[in-house]
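Chemist: Here it is: the structure, laid out below.
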Amino acid sequence: MPIYEYTALNPSGRNTKGSIEADTVRAARVRLRSQGIFPTDIKEASATSSRRSADIKNYFKSNRVSLPQLSVATRQLATLVGAGLPLVSALLALSDQTDSEVLKRMVVDIKEKVEEGSSLANALGNYPRAFPRLYINMVASGEASGTLDAVLENLADYLEAQVELRREITSALFYPILMLFFCTAVVIGLVTLVVPRIVEIFQKQGAVLPLPTRILITISNFLIYYWWFIILLGFLAVYAFKVYRSQPNGRAAIDSLVLRIPIAGSIYSKIITARVSGTLSTLLASGVGLLTALEIVKNMTTNVHISKALEDAREGVREGRSLAKELSKSKLFPNMLCHMIAVGESSGRLEGMLGKAGDAYERDVHAALSGLTSLIEPLMIIVLGGIVFAIVLSILMPMVDLISVVQR
């Protein structure tokens with residue numbers, strides 16, 4: 001697309017210069033005027049200048065939108081379209097209501113492409129980092145069936161549920177993580193600041209230090225003099241983990257281990273089940289075919305074993321077999337989900353049963369996270385208390401011996 005350089009008047013009446021992408025000079029003028037800028041001179045940039053400008057623009061331009069921002073924007077667009085506004089007018093109103101500059105820029109560009117005759121789904125497809133494949137496929141289905149307002153409502157409900165689930169997980173894990181950092185800081189402070197001063201007093205008095213105290217001194221000296229080695233070792237461990245996880249065998253081994261971790265693995269499995277069920281329900285309710293919906297959900301899943309199970313189930317459904325039986329073969333999905341899918345398939349209400357299953361597993365996730373939080377808090381207190389007790393005991397043992405010597 002050509003790039004045009006322009007001189008124009010901004011809304012405050014001052015001269016401004018810049019460049020803009022457009023198909024023609026006329027399209028560039030229309031686009032600038034829609035932004036409140038009135039061009040006085042406009043011409044196509046040279047090839048070198050155009051390429052350099054495009055490269056710089058693409059380097060600094062961000063096309064990422066957070067899930068809460070996308071959720072709010074989708075709800076606003078669903079309300080506007082549901083109120084009977086034409087799509088172009090609804091997109092224009094959405095651009096005015098959006099606080100995010102990144103999202104505002106994308107919505108303006110999408111509106112212009114829709115005005116030029118493009119479908120909304122195709123216009124959204126130009127921003128794959130902001131609008132996931134699930135989003136684009138549901139919008140395309142809504143446009144094809146003439147139920148775009150209902151599809152946007154379903155999509156907004158789904159995104160809001162995902163935002164709430166993430167908020168629950170973040171809220172449940174925030175306090176334990178904060179406690180872990182606090183406990184670690186307390187222990188490091190005791191070992192590196194308090195212990196050396198007390199041990200120095202014992203050494204000056206010629207006290208014989210017991211084994212626990214000598215071990216504590218060794219740990220303290222290591223933390224004081226080799227802290228850089230610990231940090232370096234941490235960075236190397238993270239790098240090695242990333243390299244190992246980037247390999248197919250390593251990724252499969254790590255994903256399998258995550259599913260088998262006690263308590264945490266069960267919660268992780270429930271989160272995936274809730275997401276798969278809810279996403280399939282939303283896609284089917286929006287008119288997306290089952291095979292396409294399974295393909296989308298498979299691509300959304302980060303665990304390779306779950307993704308493989310969904311791919312195998314999709315192939316089975318393609319050959320005419322039951323989705324419930326295909327999912328049960330993998331042994332990765334709960335039996336209750338497979339039974340509910342079987343009931344939905346036999347009654348012709350598959351999307352409704354999947355929606356109920358998704359809601360049920362989201363409630364299980366919330367309850368499990370609450371239970372995990374209530375378990376972690378006393379466990380961390382006990383561990384911290386044990387570590388502090390060991391440190392204090394290591395300090396008191398030579399102190400008692402020193403007092404005995406003084407009394408004699």
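Ordering of the structure tokens sets the chain letters (A, B, ...), residue numbers begin anew at 1 in every chain, and ligands are numbered from 1 in the order given.
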Mind checking which residues fall within 9 Å of region 244-259 of chain A, counting only C-alpha atoms, ignoring those fewer than 5 positions away in the same chain, and posting them as number ranges by chain?
Modeler: A: 239, 264-266, 268-269, 302-305, 332
Chemist: Residues of region 55-100 of chain A that approach region 118-135 of chain A to 10 Å or less, counting only C-alpha atoms: could you list each one with the shortest pair of atoms and its distance in Å to one decimal, rows by chain and increasing residue number, as a Markdown table?
Modeler:
```
| residue | atom | partner | partner_atom | distance |
| --- | --- | --- | --- | --- |
| A:Ser62 | CA | A:Arg129 | CA | 9.3 |
| A:Asn63 | CA | A:Ala130 | CA | 5.9 |
| A:Arg64 | CA | A:Ala130 | CA | 5.0 |
| A:Val65 | CA | A:Ala130 | CA | 5.2 |
| A:Ser66 | CA | A:Ala130 | CA | 7.9 |
| A:Leu67 | CA | A:Ala130 | CA | 8.9 |
| A:Leu70 | CA | A:Ala130 | CA | 8.1 |
| A:Thr74 | CA | A:Tyr135 | CA | 9.9 |
| A:Leu87 | CA | A:Leu120 | CA | 8.6 |
| A:Val88 | CA | A:Leu120 | CA | 9.7 |
```
Chemist: Take the residues just selected and output them with N, CA and C atoms as a PDB file, in the first residue's frame.
Modeler:
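Result went into selection_37.pdb, see below:
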```pdb
ATOM      1  N   SER A  62       2.449  -1.491  18.007  1.00  0.00           N
ATOM      2  CA  SER A  62       2.050  -2.672  18.772  1.00  0.00           C
ATOM      3  C   SER A  62       0.621  -3.053  18.408  1.00  0.00           C
ATOM      4  N   ASN A  63       0.423  -4.345  18.153  1.00  0.00           N
ATOM      5  CA  ASN A  63      -0.903  -4.830  17.809  1.00  0.00           C
ATOM      6  C   ASN A  63      -1.459  -5.753  18.881  1.00  0.00           C
ATOM      7  N   ARG A  64      -0.957  -5.625  20.090  1.00  0.00           N
ATOM      8  CA  ARG A  64      -1.436  -6.465  21.182  1.00  0.00           C
ATOM      9  C   ARG A  64      -2.505  -5.725  21.983  1.00  0.00           C
ATOM     10  N   VAL A  65      -3.556  -6.452  22.300  1.00  0.00           N
ATOM     11  CA  VAL A  65      -4.640  -5.922  23.114  1.00  0.00           C
ATOM     12  C   VAL A  65      -4.866  -6.901  24.255  1.00  0.00           C
ATOM     13  N   SER A  66      -4.976  -6.396  25.465  1.00  0.00           N
ATOM     14  CA  SER A  66      -5.189  -7.279  26.610  1.00  0.00           C
ATOM     15  C   SER A  66      -6.592  -7.882  26.553  1.00  0.00           C
ATOM     16  N   LEU A  67      -6.750  -9.013  27.224  1.00  0.00           N
ATOM     17  CA  LEU A  67      -8.042  -9.694  27.230  1.00  0.00           C
ATOM     18  C   LEU A  67      -9.143  -8.836  27.866  1.00  0.00           C
ATOM     19  N   LEU A  70     -10.197  -6.263  25.240  1.00  0.00           N
ATOM     20  CA  LEU A  70     -10.958  -6.901  24.165  1.00  0.00           C
ATOM     21  C   LEU A  70     -12.353  -7.275  24.635  1.00  0.00           C
ATOM     22  N   THR A  74     -15.708  -5.718  22.958  1.00  0.00           N
ATOM     23  CA  THR A  74     -16.685  -6.628  22.355  1.00  0.00           C
ATOM     24  C   THR A  74     -18.070  -6.401  22.935  1.00  0.00           C
ATOM     25  N   LEU A  87     -23.159  -1.316  11.041  1.00  0.00           N
ATOM     26  CA  LEU A  87     -21.855  -1.773  11.524  1.00  0.00           C
ATOM     27  C   LEU A  87     -20.811  -0.666  11.473  1.00  0.00           C
ATOM     28  N   VAL A  88     -20.791   0.124  10.389  1.00  0.00           N
ATOM     29  CA  VAL A  88     -19.805   1.199  10.268  1.00  0.00           C
ATOM     30  C   VAL A  88     -20.021   2.232  11.370  1.00  0.00           C
TER      31      VAL A  88
END
```
Chemist: Can you list, as a list in words, every residue of region 315-347 of chain A that DSSP puts in helix (DSSP H, G or I)?
Modeler: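 Selecting the helix (DSSP H, G or I) positions of region 315-347 of chain A gives Glu315, Gly316, Val317, Arg318, Leu323, Ala324, Lys325, Glu326, Leu327, Ser328, Lys329, Asn335, Met336, Leu337, Cys338, His339, Met340, Ile341, Ala342, Val343, Gly344, Glu345, Ser346 and Ser347 of chain A.
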Chemist: Could you take the residues named above and write them with N, CA and C atoms, as a PDB file, in the first residue's frame?
Modeler:
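Written file, result-v7.pdb:
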```pdb
ATOM      1  N   GLU A 315     -10.591 -36.213  14.289  1.00  0.00           N
ATOM      2  CA  GLU A 315     -10.514 -37.191  13.209  1.00  0.00           C
ATOM      3  C   GLU A 315     -11.582 -38.266  13.364  1.00  0.00           C
ATOM      4  N   GLY A 316     -11.847 -38.663  14.615  1.00  0.00           N
ATOM      5  CA  GLY A 316     -12.901 -39.639  14.847  1.00  0.00           C
ATOM      6  C   GLY A 316     -14.272 -39.114  14.480  1.00  0.00           C
ATOM      7  N   VAL A 317     -14.547 -37.864  14.842  1.00  0.00           N
ATOM      8  CA  VAL A 317     -15.832 -37.247  14.489  1.00  0.00           C
ATOM      9  C   VAL A 317     -15.954 -37.114  12.977  1.00  0.00           C
ATOM     10  N   ARG A 318     -14.859 -36.782  12.314  1.00  0.00           N
ATOM     11  CA  ARG A 318     -14.873 -36.685  10.852  1.00  0.00           C
ATOM     12  C   ARG A 318     -15.288 -38.024  10.212  1.00  0.00           C
ATOM     13  N   LEU A 323     -18.232 -38.011  19.606  1.00  0.00           N
ATOM     14  CA  LEU A 323     -17.228 -37.146  20.237  1.00  0.00           C
ATOM     15  C   LEU A 323     -16.946 -37.605  21.661  1.00  0.00           C
ATOM     16  N   ALA A 324     -17.989 -38.007  22.389  1.00  0.00           N
ATOM     17  CA  ALA A 324     -17.804 -38.446  23.778  1.00  0.00           C
ATOM     18  C   ALA A 324     -16.892 -39.664  23.848  1.00  0.00           C
ATOM     19  N   LYS A 325     -17.096 -40.645  22.978  1.00  0.00           N
ATOM     20  CA  LYS A 325     -16.270 -41.850  22.998  1.00  0.00           C
ATOM     21  C   LYS A 325     -14.834 -41.535  22.585  1.00  0.00           C
ATOM     22  N   GLU A 326     -14.677 -40.629  21.626  1.00  0.00           N
ATOM     23  CA  GLU A 326     -13.328 -40.287  21.178  1.00  0.00           C
ATOM     24  C   GLU A 326     -12.548 -39.567  22.271  1.00  0.00           C
ATOM     25  N   LEU A 327     -13.215 -38.670  23.001  1.00  0.00           N
ATOM     26  CA  LEU A 327     -12.533 -37.960  24.085  1.00  0.00           C
ATOM     27  C   LEU A 327     -12.209 -38.890  25.250  1.00  0.00           C
ATOM     28  N   SER A 328     -13.086 -39.853  25.509  1.00  0.00           N
ATOM     29  CA  SER A 328     -12.846 -40.769  26.629  1.00  0.00           C
ATOM     30  C   SER A 328     -11.659 -41.689  26.376  1.00  0.00           C
ATOM     31  N   LYS A 329     -11.287 -41.904  25.117  1.00  0.00           N
ATOM     32  CA  LYS A 329     -10.157 -42.783  24.803  1.00  0.00           C
ATOM     33  C   LYS A 329      -8.838 -42.237  25.338  1.00  0.00           C
ATOM     34  N   ASN A 335     -14.610 -38.136  33.338  1.00  0.00           N
ATOM     35  CA  ASN A 335     -15.719 -38.975  32.880  1.00  0.00           C
ATOM     36  C   ASN A 335     -17.031 -38.207  32.831  1.00  0.00           C
ATOM     37  N   MET A 336     -17.191 -37.257  33.789  1.00  0.00           N
ATOM     38  CA  MET A 336     -18.430 -36.499  33.803  1.00  0.00           C
ATOM     39  C   MET A 336     -18.598 -35.684  32.532  1.00  0.00           C
ATOM     40  N   LEU A 337     -17.495 -35.110  32.021  1.00  0.00           N
ATOM     41  CA  LEU A 337     -17.568 -34.346  30.786  1.00  0.00           C
ATOM     42  C   LEU A 337     -17.972 -35.251  29.624  1.00  0.00           C
ATOM     43  N   CYS A 338     -17.369 -36.428  29.543  1.00  0.00           N
ATOM     44  CA  CYS A 338     -17.706 -37.347  28.451  1.00  0.00           C
ATOM     45  C   CYS A 338     -19.163 -37.780  28.530  1.00  0.00           C
ATOM     46  N   HIS A 339     -19.675 -38.025  29.750  1.00  0.00           N
ATOM     47  CA  HIS A 339     -21.084 -38.413  29.897  1.00  0.00           C
ATOM     48  C   HIS A 339     -22.008 -37.272  29.476  1.00  0.00           C
ATOM     49  N   MET A 340     -21.670 -36.045  29.854  1.00  0.00           N
ATOM     50  CA  MET A 340     -22.509 -34.902  29.482  1.00  0.00           C
ATOM     51  C   MET A 340     -22.492 -34.680  27.972  1.00  0.00           C
ATOM     52  N   ILE A 341     -21.330 -34.882  27.348  1.00  0.00           N
ATOM     53  CA  ILE A 341     -21.256 -34.751  25.884  1.00  0.00           C
ATOM     54  C   ILE A 341     -22.096 -35.834  25.219  1.00  0.00           C
ATOM     55  N   ALA A 342     -22.051 -37.058  25.770  1.00  0.00           N
ATOM     56  CA  ALA A 342     -22.856 -38.144  25.212  1.00  0.00           C
ATOM     57  C   ALA A 342     -24.344 -37.829  25.306  1.00  0.00           C
ATOM     58  N   VAL A 343     -24.772 -37.279  26.434  1.00  0.00           N
ATOM     59  CA  VAL A 343     -26.175 -36.887  26.577  1.00  0.00           C
ATOM     60  C   VAL A 343     -26.535 -35.777  25.595  1.00  0.00           C
ATOM     61  N   GLY A 344     -25.635 -34.812  25.433  1.00  0.00           N
ATOM     62  CA  GLY A 344     -25.883 -33.732  24.492  1.00  0.00           C
ATOM     63  C   GLY A 344     -25.964 -34.218  23.055  1.00  0.00           C
ATOM     64  N   GLU A 345     -25.113 -35.182  22.694  1.00  0.00           N
ATOM     65  CA  GLU A 345     -25.155 -35.723  21.338  1.00  0.00           C
ATOM     66  C   GLU A 345     -26.445 -36.490  21.077  1.00  0.00           C
ATOM     67  N   SER A 346     -26.907 -37.254  22.064  1.00  0.00           N
ATOM     68  CA  SER A 346     -28.119 -38.049  21.877  1.00  0.00           C
ATOM     69  C   SER A 346     -29.380 -37.198  21.882  1.00  0.00           C
ATOM     70  N   SER A 347     -29.343 -36.069  22.614  1.00  0.00           N
ATOM     71  CA  SER A 347     -30.522 -35.202  22.699  1.00  0.00           C
ATOM     72  C   SER A 347     -30.505 -34.056  21.697  1.00  0.00           C
TER      73      SER A 347
END
```
Chemist: Determine, using only C-alpha atoms, which residues of region 254-351 of chain A have any atom at most 10 Å from an atom of region 144-152 of chain A, and tabulate each with its shortest atom pair and distance in Å to one decimal place, rows ordered by chain and then rising number, as CSV.
Modeler:
```
residue,atom,partner,partner_atom,distance
A:Thr282,CA,A:Val151,CA,8.7
A:Leu283,CA,A:Val151,CA,9.0
A:Ala285,CA,A:Val151,CA,8.2
A:Ser286,CA,A:Val151,CA,5.5
A:Gly287,CA,A:Ser145,CA,7.8
```
Chemist: Smallest atom-to-atom distance to Glu351 (chain A): which of A:Met397, A:Ile376, A:Leu280, A:Leu190, using only C-alpha atoms?
Modeler: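 Nearest candidate to Glu351 (chain A) out of A:Met397, A:Ile376, A:Leu280, A:Leu190: A:Leu280.
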